[in-house]
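J.: File work_10.cif follows (mmCIF, N, CA and C atoms):
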data_data
#
loop_
_atom_site.label_atom_id
_atom_site.label_comp_id
_atom_site.auth_asym_id
_atom_site.auth_seq_id
_atom_site.Cartn_x
_atom_site.Cartn_y
_atom_site.Cartn_z
N THR A 1 95.21 -50.38 -1.89
CA THR A 1 94.19 -50.90 -2.76
C THR A 1 92.89 -51.05 -1.98
N TRP A 2 91.80 -50.60 -2.58
CA TRP A 2 90.48 -50.76 -1.98
C TRP A 2 89.87 -52.08 -2.42
N ILE A 3 89.22 -52.73 -1.49
CA ILE A 3 88.47 -53.94 -1.83
C ILE A 3 87.01 -53.52 -1.98
N HIS A 4 86.51 -53.64 -3.18
CA HIS A 4 85.12 -53.24 -3.45
C HIS A 4 84.19 -54.40 -3.13
N VAL A 5 83.31 -54.17 -2.18
CA VAL A 5 82.30 -55.16 -1.83
C VAL A 5 80.98 -54.68 -2.42
N PRO A 6 80.43 -55.41 -3.38
CA PRO A 6 79.22 -54.95 -4.04
C PRO A 6 78.01 -54.95 -3.11
N GLY A 7 77.02 -54.17 -3.48
CA GLY A 7 75.80 -54.09 -2.70
C GLY A 7 75.78 -52.84 -1.84
N ASP A 8 74.60 -52.48 -1.42
CA ASP A 8 74.40 -51.31 -0.58
C ASP A 8 74.89 -51.61 0.84
N PRO A 9 75.88 -50.87 1.34
CA PRO A 9 76.41 -51.16 2.68
C PRO A 9 75.39 -50.99 3.81
N ARG A 10 74.29 -50.31 3.52
CA ARG A 10 73.24 -50.17 4.54
C ARG A 10 72.46 -51.47 4.72
N HIS A 11 72.63 -52.41 3.79
CA HIS A 11 71.87 -53.66 3.83
C HIS A 11 72.74 -54.88 4.08
N HIS A 12 74.01 -54.67 4.44
CA HIS A 12 74.92 -55.78 4.69
C HIS A 12 75.83 -55.46 5.87
N TYR A 13 76.25 -56.50 6.55
CA TYR A 13 77.22 -56.40 7.64
C TYR A 13 78.46 -57.19 7.24
N ILE A 14 79.62 -56.62 7.51
CA ILE A 14 80.88 -57.33 7.31
C ILE A 14 81.32 -57.82 8.68
N ALA A 15 81.58 -59.11 8.77
CA ALA A 15 81.99 -59.69 10.05
C ALA A 15 83.25 -60.51 9.87
N SER A 16 84.03 -60.60 10.92
CA SER A 16 85.11 -61.58 11.08
C SER A 16 86.18 -61.52 10.00
N LEU A 17 86.71 -60.37 9.72
CA LEU A 17 87.78 -60.22 8.75
C LEU A 17 89.06 -60.84 9.28
N ASP A 18 89.74 -61.66 8.43
CA ASP A 18 90.98 -62.30 8.86
C ASP A 18 91.78 -62.72 7.63
N TRP A 19 93.07 -62.98 7.83
CA TRP A 19 93.91 -63.55 6.78
C TRP A 19 93.65 -65.04 6.69
N ILE A 20 93.69 -65.61 5.50
CA ILE A 20 93.54 -67.05 5.32
C ILE A 20 94.91 -67.69 5.53
N PRO A 21 95.03 -68.56 6.52
CA PRO A 21 96.33 -69.19 6.76
C PRO A 21 96.74 -70.08 5.58
N GLY A 22 98.04 -70.08 5.30
CA GLY A 22 98.54 -70.94 4.23
C GLY A 22 98.44 -70.33 2.84
N THR A 23 97.91 -69.13 2.73
CA THR A 23 97.81 -68.48 1.43
C THR A 23 98.72 -67.26 1.42
N GLU A 24 98.93 -66.74 0.26
CA GLU A 24 99.73 -65.53 0.15
C GLU A 24 98.81 -64.33 0.05
N ASN A 25 98.61 -63.70 1.18
CA ASN A 25 97.86 -62.44 1.23
C ASN A 25 96.43 -62.53 0.72
N GLN A 26 95.66 -63.50 1.22
CA GLN A 26 94.23 -63.54 0.94
C GLN A 26 93.48 -63.29 2.24
N LEU A 27 92.45 -62.47 2.12
CA LEU A 27 91.57 -62.17 3.26
C LEU A 27 90.29 -62.96 3.13
N VAL A 28 89.66 -63.22 4.28
CA VAL A 28 88.34 -63.83 4.28
C VAL A 28 87.45 -63.03 5.22
N PHE A 29 86.21 -62.87 4.83
CA PHE A 29 85.24 -62.27 5.75
C PHE A 29 83.86 -62.87 5.48
N GLN A 30 83.01 -62.75 6.48
CA GLN A 30 81.63 -63.19 6.35
C GLN A 30 80.78 -61.93 6.11
N ARG A 31 79.96 -61.96 5.07
CA ARG A 31 79.07 -60.84 4.77
C ARG A 31 77.64 -61.31 5.00
N LEU A 32 76.99 -60.68 5.93
CA LEU A 32 75.64 -61.04 6.36
C LEU A 32 74.66 -59.99 5.88
N ASN A 33 73.52 -60.44 5.32
CA ASN A 33 72.52 -59.47 4.91
C ASN A 33 71.80 -58.90 6.13
N ARG A 34 71.09 -57.82 5.94
CA ARG A 34 70.43 -57.12 7.05
C ARG A 34 69.41 -58.01 7.76
N LEU A 35 68.73 -58.88 7.02
CA LEU A 35 67.77 -59.80 7.63
C LEU A 35 68.46 -60.89 8.45
N GLN A 36 69.76 -61.03 8.25
CA GLN A 36 70.59 -62.02 8.94
C GLN A 36 70.14 -63.45 8.68
N ASN A 37 69.73 -63.69 7.43
CA ASN A 37 69.36 -65.06 7.05
C ASN A 37 70.18 -65.57 5.85
N THR A 38 71.14 -64.78 5.40
CA THR A 38 72.05 -65.19 4.33
C THR A 38 73.45 -64.70 4.68
N VAL A 39 74.42 -65.61 4.60
CA VAL A 39 75.81 -65.22 4.82
C VAL A 39 76.64 -65.70 3.64
N HIS A 40 77.53 -64.83 3.19
CA HIS A 40 78.48 -65.17 2.13
C HIS A 40 79.86 -65.21 2.75
N VAL A 41 80.62 -66.26 2.45
CA VAL A 41 82.04 -66.30 2.79
C VAL A 41 82.76 -65.70 1.59
N VAL A 42 83.41 -64.58 1.81
CA VAL A 42 84.03 -63.83 0.72
C VAL A 42 85.55 -63.89 0.87
N ILE A 43 86.23 -64.19 -0.23
CA ILE A 43 87.68 -64.20 -0.26
C ILE A 43 88.12 -62.99 -1.09
N ALA A 44 89.06 -62.24 -0.52
CA ALA A 44 89.53 -61.03 -1.18
C ALA A 44 91.05 -61.09 -1.37
N GLU A 45 91.51 -60.50 -2.46
CA GLU A 45 92.93 -60.38 -2.73
C GLU A 45 93.30 -58.90 -2.62
N PRO A 46 93.92 -58.52 -1.50
CA PRO A 46 94.23 -57.10 -1.29
C PRO A 46 95.13 -56.48 -2.36
N SER A 47 95.99 -57.28 -2.99
CA SER A 47 96.90 -56.73 -3.99
C SER A 47 96.16 -56.24 -5.24
N THR A 48 95.01 -56.85 -5.53
CA THR A 48 94.24 -56.46 -6.72
C THR A 48 92.90 -55.82 -6.37
N GLY A 49 92.42 -56.05 -5.16
CA GLY A 49 91.10 -55.55 -4.76
C GLY A 49 89.96 -56.45 -5.20
N LYS A 50 90.28 -57.56 -5.87
CA LYS A 50 89.24 -58.46 -6.36
C LYS A 50 88.71 -59.33 -5.23
N ILE A 51 87.41 -59.65 -5.34
CA ILE A 51 86.77 -60.54 -4.38
C ILE A 51 86.03 -61.64 -5.12
N ARG A 52 85.76 -62.71 -4.39
CA ARG A 52 84.89 -63.75 -4.93
C ARG A 52 84.15 -64.38 -3.76
N ILE A 53 82.92 -64.77 -4.02
CA ILE A 53 82.13 -65.46 -3.01
C ILE A 53 82.49 -66.93 -3.08
N ALA A 54 83.07 -67.44 -1.99
CA ALA A 54 83.51 -68.83 -1.95
C ALA A 54 82.38 -69.76 -1.53
N PHE A 55 81.42 -69.23 -0.77
CA PHE A 55 80.36 -70.09 -0.23
C PHE A 55 79.22 -69.21 0.26
N THR A 56 78.00 -69.71 0.13
CA THR A 56 76.82 -69.01 0.62
C THR A 56 75.97 -69.98 1.44
N ASP A 57 75.50 -69.51 2.58
CA ASP A 57 74.60 -70.31 3.41
C ASP A 57 73.35 -69.47 3.68
N ARG A 58 72.19 -70.14 3.65
CA ARG A 58 70.91 -69.44 3.86
C ARG A 58 70.04 -70.24 4.83
N ASP A 59 69.15 -69.51 5.48
CA ASP A 59 68.16 -70.12 6.35
C ASP A 59 66.92 -69.23 6.30
N ASP A 60 65.75 -69.81 6.37
CA ASP A 60 64.53 -69.01 6.33
C ASP A 60 64.43 -68.06 7.51
N ALA A 61 64.97 -68.46 8.66
CA ALA A 61 64.82 -67.66 9.86
C ALA A 61 66.08 -66.88 10.23
N TRP A 62 67.22 -67.56 10.40
CA TRP A 62 68.38 -66.94 11.01
C TRP A 62 69.63 -67.72 10.67
N ILE A 63 70.74 -67.02 10.50
CA ILE A 63 72.05 -67.64 10.28
C ILE A 63 72.97 -67.24 11.42
N ASP A 64 73.65 -68.21 12.00
CA ASP A 64 74.70 -67.91 12.97
C ASP A 64 76.00 -67.66 12.23
N LEU A 65 76.69 -66.59 12.60
CA LEU A 65 78.03 -66.40 12.06
C LEU A 65 78.93 -67.47 12.65
N GLN A 66 79.93 -67.87 11.90
CA GLN A 66 80.89 -68.84 12.42
C GLN A 66 81.69 -68.18 13.53
N SER A 67 81.97 -68.92 14.56
CA SER A 67 82.64 -68.37 15.74
C SER A 67 83.93 -69.12 16.02
N ALA A 68 85.00 -68.39 16.27
CA ALA A 68 86.28 -69.01 16.62
C ALA A 68 86.15 -69.80 17.91
N ALA A 69 85.23 -69.43 18.76
CA ALA A 69 85.05 -70.13 20.03
C ALA A 69 84.65 -71.59 19.81
N TRP A 70 83.99 -71.89 18.68
CA TRP A 70 83.61 -73.28 18.39
C TRP A 70 84.83 -74.15 18.20
N TYR A 71 85.95 -73.53 17.82
CA TYR A 71 87.17 -74.28 17.53
C TYR A 71 88.25 -74.04 18.58
N GLY A 72 87.96 -73.23 19.59
CA GLY A 72 88.94 -72.92 20.61
C GLY A 72 90.11 -72.13 20.07
N GLU A 73 89.87 -71.29 19.10
CA GLU A 73 90.93 -70.54 18.46
C GLU A 73 90.61 -69.06 18.42
N GLU A 74 91.64 -68.28 18.22
CA GLU A 74 91.46 -66.85 17.99
C GLU A 74 91.62 -66.62 16.49
N SER A 75 90.52 -66.48 15.81
CA SER A 75 90.55 -66.30 14.36
C SER A 75 89.24 -65.66 13.93
N SER A 76 89.04 -65.66 12.64
CA SER A 76 87.83 -65.08 12.08
C SER A 76 86.59 -65.91 12.40
N GLY A 77 86.82 -67.11 12.91
CA GLY A 77 85.70 -68.01 13.15
C GLY A 77 85.58 -69.07 12.08
N ILE A 78 86.34 -68.93 11.02
CA ILE A 78 86.33 -69.93 9.97
C ILE A 78 87.61 -70.74 10.12
N ARG A 79 87.47 -72.05 10.29
CA ARG A 79 88.62 -72.94 10.50
C ARG A 79 89.05 -73.49 9.15
N PHE A 80 90.17 -72.94 8.62
CA PHE A 80 90.68 -73.36 7.31
C PHE A 80 91.55 -74.60 7.45
N LEU A 81 91.53 -75.42 6.38
CA LEU A 81 92.32 -76.64 6.28
C LEU A 81 93.00 -76.67 4.91
N GLN A 82 93.89 -77.62 4.72
CA GLN A 82 94.52 -77.88 3.42
C GLN A 82 95.12 -76.61 2.81
N GLY A 83 95.88 -75.88 3.63
CA GLY A 83 96.56 -74.70 3.10
C GLY A 83 95.63 -73.60 2.64
N GLY A 84 94.45 -73.52 3.24
CA GLY A 84 93.49 -72.48 2.89
C GLY A 84 92.54 -72.83 1.76
N HIS A 85 92.55 -74.09 1.30
CA HIS A 85 91.69 -74.50 0.20
C HIS A 85 90.34 -75.06 0.66
N GLN A 86 90.23 -75.40 1.93
CA GLN A 86 88.99 -75.93 2.50
C GLN A 86 88.77 -75.28 3.86
N PHE A 87 87.50 -75.33 4.32
CA PHE A 87 87.22 -74.85 5.67
C PHE A 87 86.05 -75.63 6.26
N LEU A 88 85.99 -75.61 7.58
CA LEU A 88 84.87 -76.24 8.29
C LEU A 88 83.77 -75.22 8.46
N TRP A 89 82.52 -75.71 8.43
CA TRP A 89 81.36 -74.80 8.52
C TRP A 89 80.25 -75.50 9.29
N LEU A 90 79.73 -74.84 10.31
CA LEU A 90 78.56 -75.35 11.03
C LEU A 90 77.32 -74.69 10.44
N SER A 91 76.31 -75.49 10.13
CA SER A 91 75.11 -74.95 9.50
C SER A 91 73.90 -75.79 9.86
N GLU A 92 72.75 -75.13 9.88
CA GLU A 92 71.46 -75.81 10.08
C GLU A 92 70.72 -75.93 8.76
N ARG A 93 71.43 -75.93 7.65
CA ARG A 93 70.82 -75.94 6.32
C ARG A 93 69.95 -77.16 6.07
N ASN A 94 70.16 -78.26 6.81
CA ASN A 94 69.37 -79.48 6.64
C ASN A 94 68.42 -79.74 7.81
N GLY A 95 68.21 -78.73 8.64
CA GLY A 95 67.30 -78.90 9.77
C GLY A 95 67.99 -79.25 11.07
N TRP A 96 69.22 -79.72 11.00
CA TRP A 96 70.04 -80.03 12.17
C TRP A 96 71.35 -79.27 12.01
N ARG A 97 71.95 -78.93 13.13
CA ARG A 97 73.23 -78.23 13.07
C ARG A 97 74.33 -79.24 12.79
N GLN A 98 74.78 -79.26 11.54
CA GLN A 98 75.77 -80.22 11.07
C GLN A 98 77.10 -79.54 10.81
N LEU A 99 78.15 -80.34 10.81
CA LEU A 99 79.48 -79.88 10.43
C LEU A 99 79.70 -80.24 8.97
N PHE A 100 80.14 -79.26 8.19
CA PHE A 100 80.39 -79.45 6.76
C PHE A 100 81.84 -79.14 6.44
N LEU A 101 82.35 -79.80 5.43
CA LEU A 101 83.65 -79.47 4.85
C LEU A 101 83.37 -78.76 3.53
N VAL A 102 83.89 -77.54 3.41
CA VAL A 102 83.60 -76.71 2.24
C VAL A 102 84.90 -76.40 1.51
N ASN A 103 84.91 -76.62 0.21
CA ASN A 103 86.04 -76.18 -0.62
C ASN A 103 85.83 -74.71 -0.95
N THR A 104 86.91 -73.99 -1.16
CA THR A 104 86.76 -72.57 -1.47
C THR A 104 86.14 -72.31 -2.84
N ASN A 105 85.88 -73.39 -3.59
CA ASN A 105 85.12 -73.24 -4.84
C ASN A 105 83.63 -73.42 -4.61
N GLY A 106 83.22 -73.65 -3.33
CA GLY A 106 81.80 -73.73 -3.00
C GLY A 106 81.27 -75.13 -2.77
N ALA A 107 82.01 -76.17 -3.15
CA ALA A 107 81.55 -77.54 -2.91
C ALA A 107 81.46 -77.79 -1.41
N CYS A 108 80.34 -78.40 -1.00
CA CYS A 108 80.05 -78.54 0.43
C CYS A 108 79.60 -79.97 0.71
N ASN A 109 80.27 -80.63 1.67
CA ASN A 109 79.93 -82.01 2.03
C ASN A 109 79.73 -82.12 3.53
N ALA A 110 78.65 -82.77 3.94
CA ALA A 110 78.37 -82.97 5.35
C ALA A 110 79.36 -83.97 5.95
N LEU A 111 79.90 -83.64 7.12
CA LEU A 111 80.78 -84.55 7.85
C LEU A 111 80.04 -85.27 8.97
N THR A 112 78.91 -84.72 9.38
CA THR A 112 78.11 -85.34 10.44
C THR A 112 76.71 -85.63 9.91
N PRO A 113 76.05 -86.63 10.46
CA PRO A 113 74.71 -86.99 9.96
C PRO A 113 73.66 -85.97 10.42
N PRO A 114 72.54 -85.90 9.69
CA PRO A 114 71.46 -84.97 10.06
C PRO A 114 70.51 -85.58 11.08
N THR A 115 71.07 -86.12 12.17
CA THR A 115 70.24 -86.75 13.20
C THR A 115 70.50 -86.18 14.58
N PHE A 116 71.36 -85.17 14.68
CA PHE A 116 71.63 -84.50 15.96
C PHE A 116 72.27 -83.14 15.68
N ASP A 117 72.29 -82.28 16.69
CA ASP A 117 72.91 -80.97 16.57
C ASP A 117 74.33 -81.00 17.08
N VAL A 118 75.27 -80.58 16.26
CA VAL A 118 76.65 -80.39 16.70
C VAL A 118 76.67 -79.08 17.49
N THR A 119 77.13 -79.14 18.73
CA THR A 119 77.14 -77.94 19.57
C THR A 119 78.51 -77.30 19.69
N GLU A 120 79.56 -78.10 19.46
CA GLU A 120 80.91 -77.56 19.60
C GLU A 120 81.90 -78.46 18.86
N ILE A 121 82.92 -77.84 18.30
CA ILE A 121 84.02 -78.59 17.71
C ILE A 121 85.07 -78.73 18.81
N ALA A 122 85.35 -79.96 19.24
CA ALA A 122 86.29 -80.19 20.34
C ALA A 122 87.73 -80.21 19.87
N GLY A 123 87.96 -80.53 18.60
CA GLY A 123 89.31 -80.55 18.06
C GLY A 123 89.31 -81.00 16.62
N VAL A 124 90.43 -80.73 15.95
CA VAL A 124 90.59 -81.12 14.56
C VAL A 124 91.97 -81.74 14.40
N ASP A 125 92.02 -82.93 13.85
CA ASP A 125 93.26 -83.61 13.49
C ASP A 125 93.33 -83.60 11.97
N GLU A 126 93.88 -82.53 11.43
CA GLU A 126 93.88 -82.38 9.98
C GLU A 126 94.68 -83.49 9.30
N GLY A 127 95.83 -83.84 9.86
CA GLY A 127 96.65 -84.89 9.27
C GLY A 127 95.96 -86.24 9.23
N GLY A 128 95.21 -86.54 10.29
CA GLY A 128 94.49 -87.81 10.36
C GLY A 128 93.13 -87.78 9.71
N GLY A 129 92.64 -86.57 9.37
CA GLY A 129 91.34 -86.45 8.73
C GLY A 129 90.17 -86.59 9.70
N TRP A 130 90.36 -86.14 10.95
CA TRP A 130 89.31 -86.28 11.96
C TRP A 130 88.88 -84.92 12.50
N ALA A 131 87.60 -84.80 12.75
CA ALA A 131 87.04 -83.66 13.49
C ALA A 131 86.31 -84.24 14.69
N TYR A 132 86.64 -83.75 15.87
CA TYR A 132 86.02 -84.21 17.10
C TYR A 132 85.01 -83.16 17.53
N TYR A 133 83.81 -83.61 17.90
CA TYR A 133 82.75 -82.65 18.21
C TYR A 133 81.90 -83.14 19.37
N ILE A 134 81.16 -82.20 19.92
CA ILE A 134 80.16 -82.49 20.95
C ILE A 134 78.80 -82.27 20.32
N ALA A 135 77.87 -83.17 20.57
CA ALA A 135 76.55 -83.09 19.92
C ALA A 135 75.44 -83.30 20.95
N SER A 136 74.26 -82.86 20.57
CA SER A 136 73.08 -83.00 21.41
C SER A 136 72.02 -83.79 20.65
N PRO A 137 71.99 -85.11 20.83
CA PRO A 137 71.07 -85.93 20.05
C PRO A 137 69.60 -85.76 20.41
N GLU A 138 69.30 -85.11 21.50
CA GLU A 138 67.91 -84.99 21.95
C GLU A 138 67.23 -83.73 21.44
N ASP A 139 67.93 -82.86 20.72
CA ASP A 139 67.42 -81.54 20.37
C ASP A 139 67.27 -81.38 18.86
N PRO A 140 66.08 -81.59 18.29
CA PRO A 140 65.92 -81.42 16.84
C PRO A 140 65.94 -79.97 16.43
#
Show me this structure written as structure tokens.

T.:
Amino acid sequence: TWIHVPGDPRHHYIASLDWIPGTENQLVFQRLNRLQNTVHVVIAEPSTGKIRIAFTDRDDAWIDLQSAAWYGEESSGIRFLQGGHQFLWLSERNGWRQLFLVNTNGACNALTPPTFDVTEIAGVDEGGGWAYYIASPEDP
């Protein structure tokens, strides 16, 4: 089965393709526009070829792709929780690099305040509901 990704492939990059843990055969990838200021988190079902955009992040200047190195893991760079229904996302959407919890339906909630930059995720205790991070309070 082919997964049809809409849009002109000359104007988009597909990054970080991986299986979503805890789901039955769902793929996730980050689709970045050529200007690299908009990224879509796309969920695909290989059995049907259908896709849906689970989340979109934008910045006037630049978007960083999510990196597995932020979580100390070998993965697509997106750290899924709750059986694949939520994921962690680092973004500068509010002027500071914050950690967000995103539902795969697109709902997005900040986990850290917009008063410092999160530089690294040191660990995640999913059962306890904690994310441990390193931040740089001096760098707006």

J.: Between CA of Gln66 in chain A and CA of Trp2 in chain A, what distance in Å does the model show, to one decimal?

T.: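 Computing it gives 25.0 Å between the two atoms.
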
J.: Contacts of range 27-33 of chain A at 7 Å or less, counting all atoms listed in the file, minus same-chain residues fewer than 3 places along, as a list in words?

T.: His11, His12, Tyr13, Ile14, Ala15, Ser16, Leu17, Asp18, Trp19, Ile20, Glu24, Gln36, Asn37, Thr38, Val39, His40, Val41, Val42, Ile43, Ala44, Glu45 and Pro46 of chain A

J.: Show which residues sit within 7 Å of range 104-114 of chain A, as number ranges by chain. Count all atoms listed in the file, and ignore same-chain residues fewer than 6 positions away.

T.: A: 53-56, 84-87, 94-98

J.: Can those selected residues be exported to a file as a PDB file, in the frame of the given file so that it contains N, CA and C atoms?

T.:
ATOM      1  N   ILE A  53      82.920 -64.770  -4.020  1.00  0.00           N
ATOM      2  CA  ILE A  53      82.130 -65.460  -3.010  1.00  0.00           C
ATOM      3  C   ILE A  53      82.490 -66.930  -3.080  1.00  0.00           C
ATOM      4  N   ALA A  54      83.070 -67.440  -1.990  1.00  0.00           N
ATOM      5  CA  ALA A  54      83.510 -68.830  -1.950  1.00  0.00           C
ATOM      6  C   ALA A  54      82.380 -69.760  -1.530  1.00  0.00           C
ATOM      7  N   PHE A  55      81.420 -69.230  -0.770  1.00  0.00           N
ATOM      8  CA  PHE A  55      80.360 -70.090  -0.230  1.00  0.00           C
ATOM      9  C   PHE A  55      79.220 -69.210   0.260  1.00  0.00           C
ATOM     10  N   THR A  56      78.000 -69.710   0.130  1.00  0.00           N
ATOM     11  CA  THR A  56      76.820 -69.010   0.620  1.00  0.00           C
ATOM     12  C   THR A  56      75.970 -69.980   1.440  1.00  0.00           C
ATOM     13  N   GLY A  84      94.450 -73.520   3.240  1.00  0.00           N
ATOM     14  CA  GLY A  84      93.490 -72.480   2.890  1.00  0.00           C
ATOM     15  C   GLY A  84      92.540 -72.830   1.760  1.00  0.00           C
ATOM     16  N   HIS A  85      92.550 -74.090   1.300  1.00  0.00           N
ATOM     17  CA  HIS A  85      91.690 -74.500   0.200  1.00  0.00           C
ATOM     18  C   HIS A  85      90.340 -75.060   0.660  1.00  0.00           C
ATOM     19  N   GLN A  86      90.230 -75.400   1.930  1.00  0.00           N
ATOM     20  CA  GLN A  86      88.990 -75.930   2.500  1.00  0.00           C
ATOM     21  C   GLN A  86      88.770 -75.280   3.860  1.00  0.00           C
ATOM     22  N   PHE A  87      87.500 -75.330   4.320  1.00  0.00           N
ATOM     23  CA  PHE A  87      87.220 -74.850   5.670  1.00  0.00           C
ATOM     24  C   PHE A  87      86.050 -75.630   6.260  1.00  0.00           C
ATOM     25  N   ASN A  94      70.160 -78.260   6.810  1.00  0.00           N
ATOM     26  CA  ASN A  94      69.370 -79.480   6.640  1.00  0.00           C
ATOM     27  C   ASN A  94      68.420 -79.740   7.810  1.00  0.00           C
ATOM     28  N   GLY A  95      68.210 -78.730   8.640  1.00  0.00           N
ATOM     29  CA  GLY A  95      67.300 -78.900   9.770  1.00  0.00           C
ATOM     30  C   GLY A  95      67.990 -79.250  11.070  1.00  0.00           C
ATOM     31  N   TRP A  96      69.220 -79.720  11.000  1.00  0.00           N
ATOM     32  CA  TRP A  96      70.040 -80.030  12.170  1.00  0.00           C
ATOM     33  C   TRP A  96      71.350 -79.270  12.010  1.00  0.00           C
ATOM     34  N   ARG A  97      71.950 -78.930  13.130  1.00  0.00           N
ATOM     35  CA  ARG A  97      73.230 -78.230  13.070  1.00  0.00           C
ATOM     36  C   ARG A  97      74.330 -79.240  12.790  1.00  0.00           C
ATOM     37  N   GLN A  98      74.780 -79.260  11.540  1.00  0.00           N
ATOM     38  CA  GLN A  98      75.770 -80.220  11.070  1.00  0.00           C
ATOM     39  C   GLN A  98      77.100 -79.540  10.810  1.00  0.00           C
TER      40      GLN A  98
END

J.: Which one is closest to Gly127 in chain A: A:Leu88, A:Leu81, A:Leu101, A:Ile51? Count only C-alpha atoms.

T.: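 Selected residue with least distance to Gly127 in chain A: A:Leu81.
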
J.: Give the strand (DSSP E) residues of range 43-137 of chain A, as assigned by DSSP on the backbone, as a ChimeraX atom specification.

T.: /A:43-45,50-58,79-81,86-91,98-103,108-110,117-125,130-136

J.: How far is it from atom C of Tyr133 in chain A to atom C of Val118 in chain A, in Å with one decimal?

T.: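 Taking atom C of Tyr133 in chain A and atom C of Val118 in chain A, their separation equals 6.9 Å.
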
J.: From a backbone DSSP assignment, name each residue in range 23-74 of chain A labelled helix (DSSP H, G or I), as a list in words.

T.: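 DSSP-assigned helix (DSSP H, G or I) residues in range 23-74 of chain A: Ala68, Ala69, Trp70 and Tyr71 of chain A.
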
J.: To one decimal place in Å, what is the distance between CA of Arg79 in chain A and CA of Ala122 in chain A?

T.: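 Those two atoms sit 12.4 Å apart.
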
J.: Which one is closest to Trp62 in chain A: A:Ile121, A:Leu35, A:Leu99, A:Ile134? Count only N, CA and C atoms.

T.: A:Leu35

J.: Excluding Thr1 in chain A and its own-chain neighbours fewer than 5 positions away, which residues fall within 6.5 Å of it when counting all atoms listed in the file? Please give them as a short mmCIF file (atom, residue, chain, number, x, y, z; two decimals) with N, CA and C atoms, keeping the file's coordinate frame.

T.:
data_model
loop_
_atom_site.label_atom_id
_atom_site.label_comp_id
_atom_site.auth_asym_id
_atom_site.auth_seq_id
_atom_site.Cartn_x
_atom_site.Cartn_y
_atom_site.Cartn_z
N PRO A 46 93.92 -58.52 -1.50
CA PRO A 46 94.23 -57.10 -1.29
C PRO A 46 95.13 -56.48 -2.36
N SER A 47 95.99 -57.28 -2.99
CA SER A 47 96.90 -56.73 -3.99
C SER A 47 96.16 -56.24 -5.24
N THR A 48 95.01 -56.85 -5.53
CA THR A 48 94.24 -56.46 -6.72
C THR A 48 92.90 -55.82 -6.37
N GLY A 49 92.42 -56.05 -5.16
CA GLY A 49 91.10 -55.55 -4.76
C GLY A 49 89.96 -56.45 -5.20
#
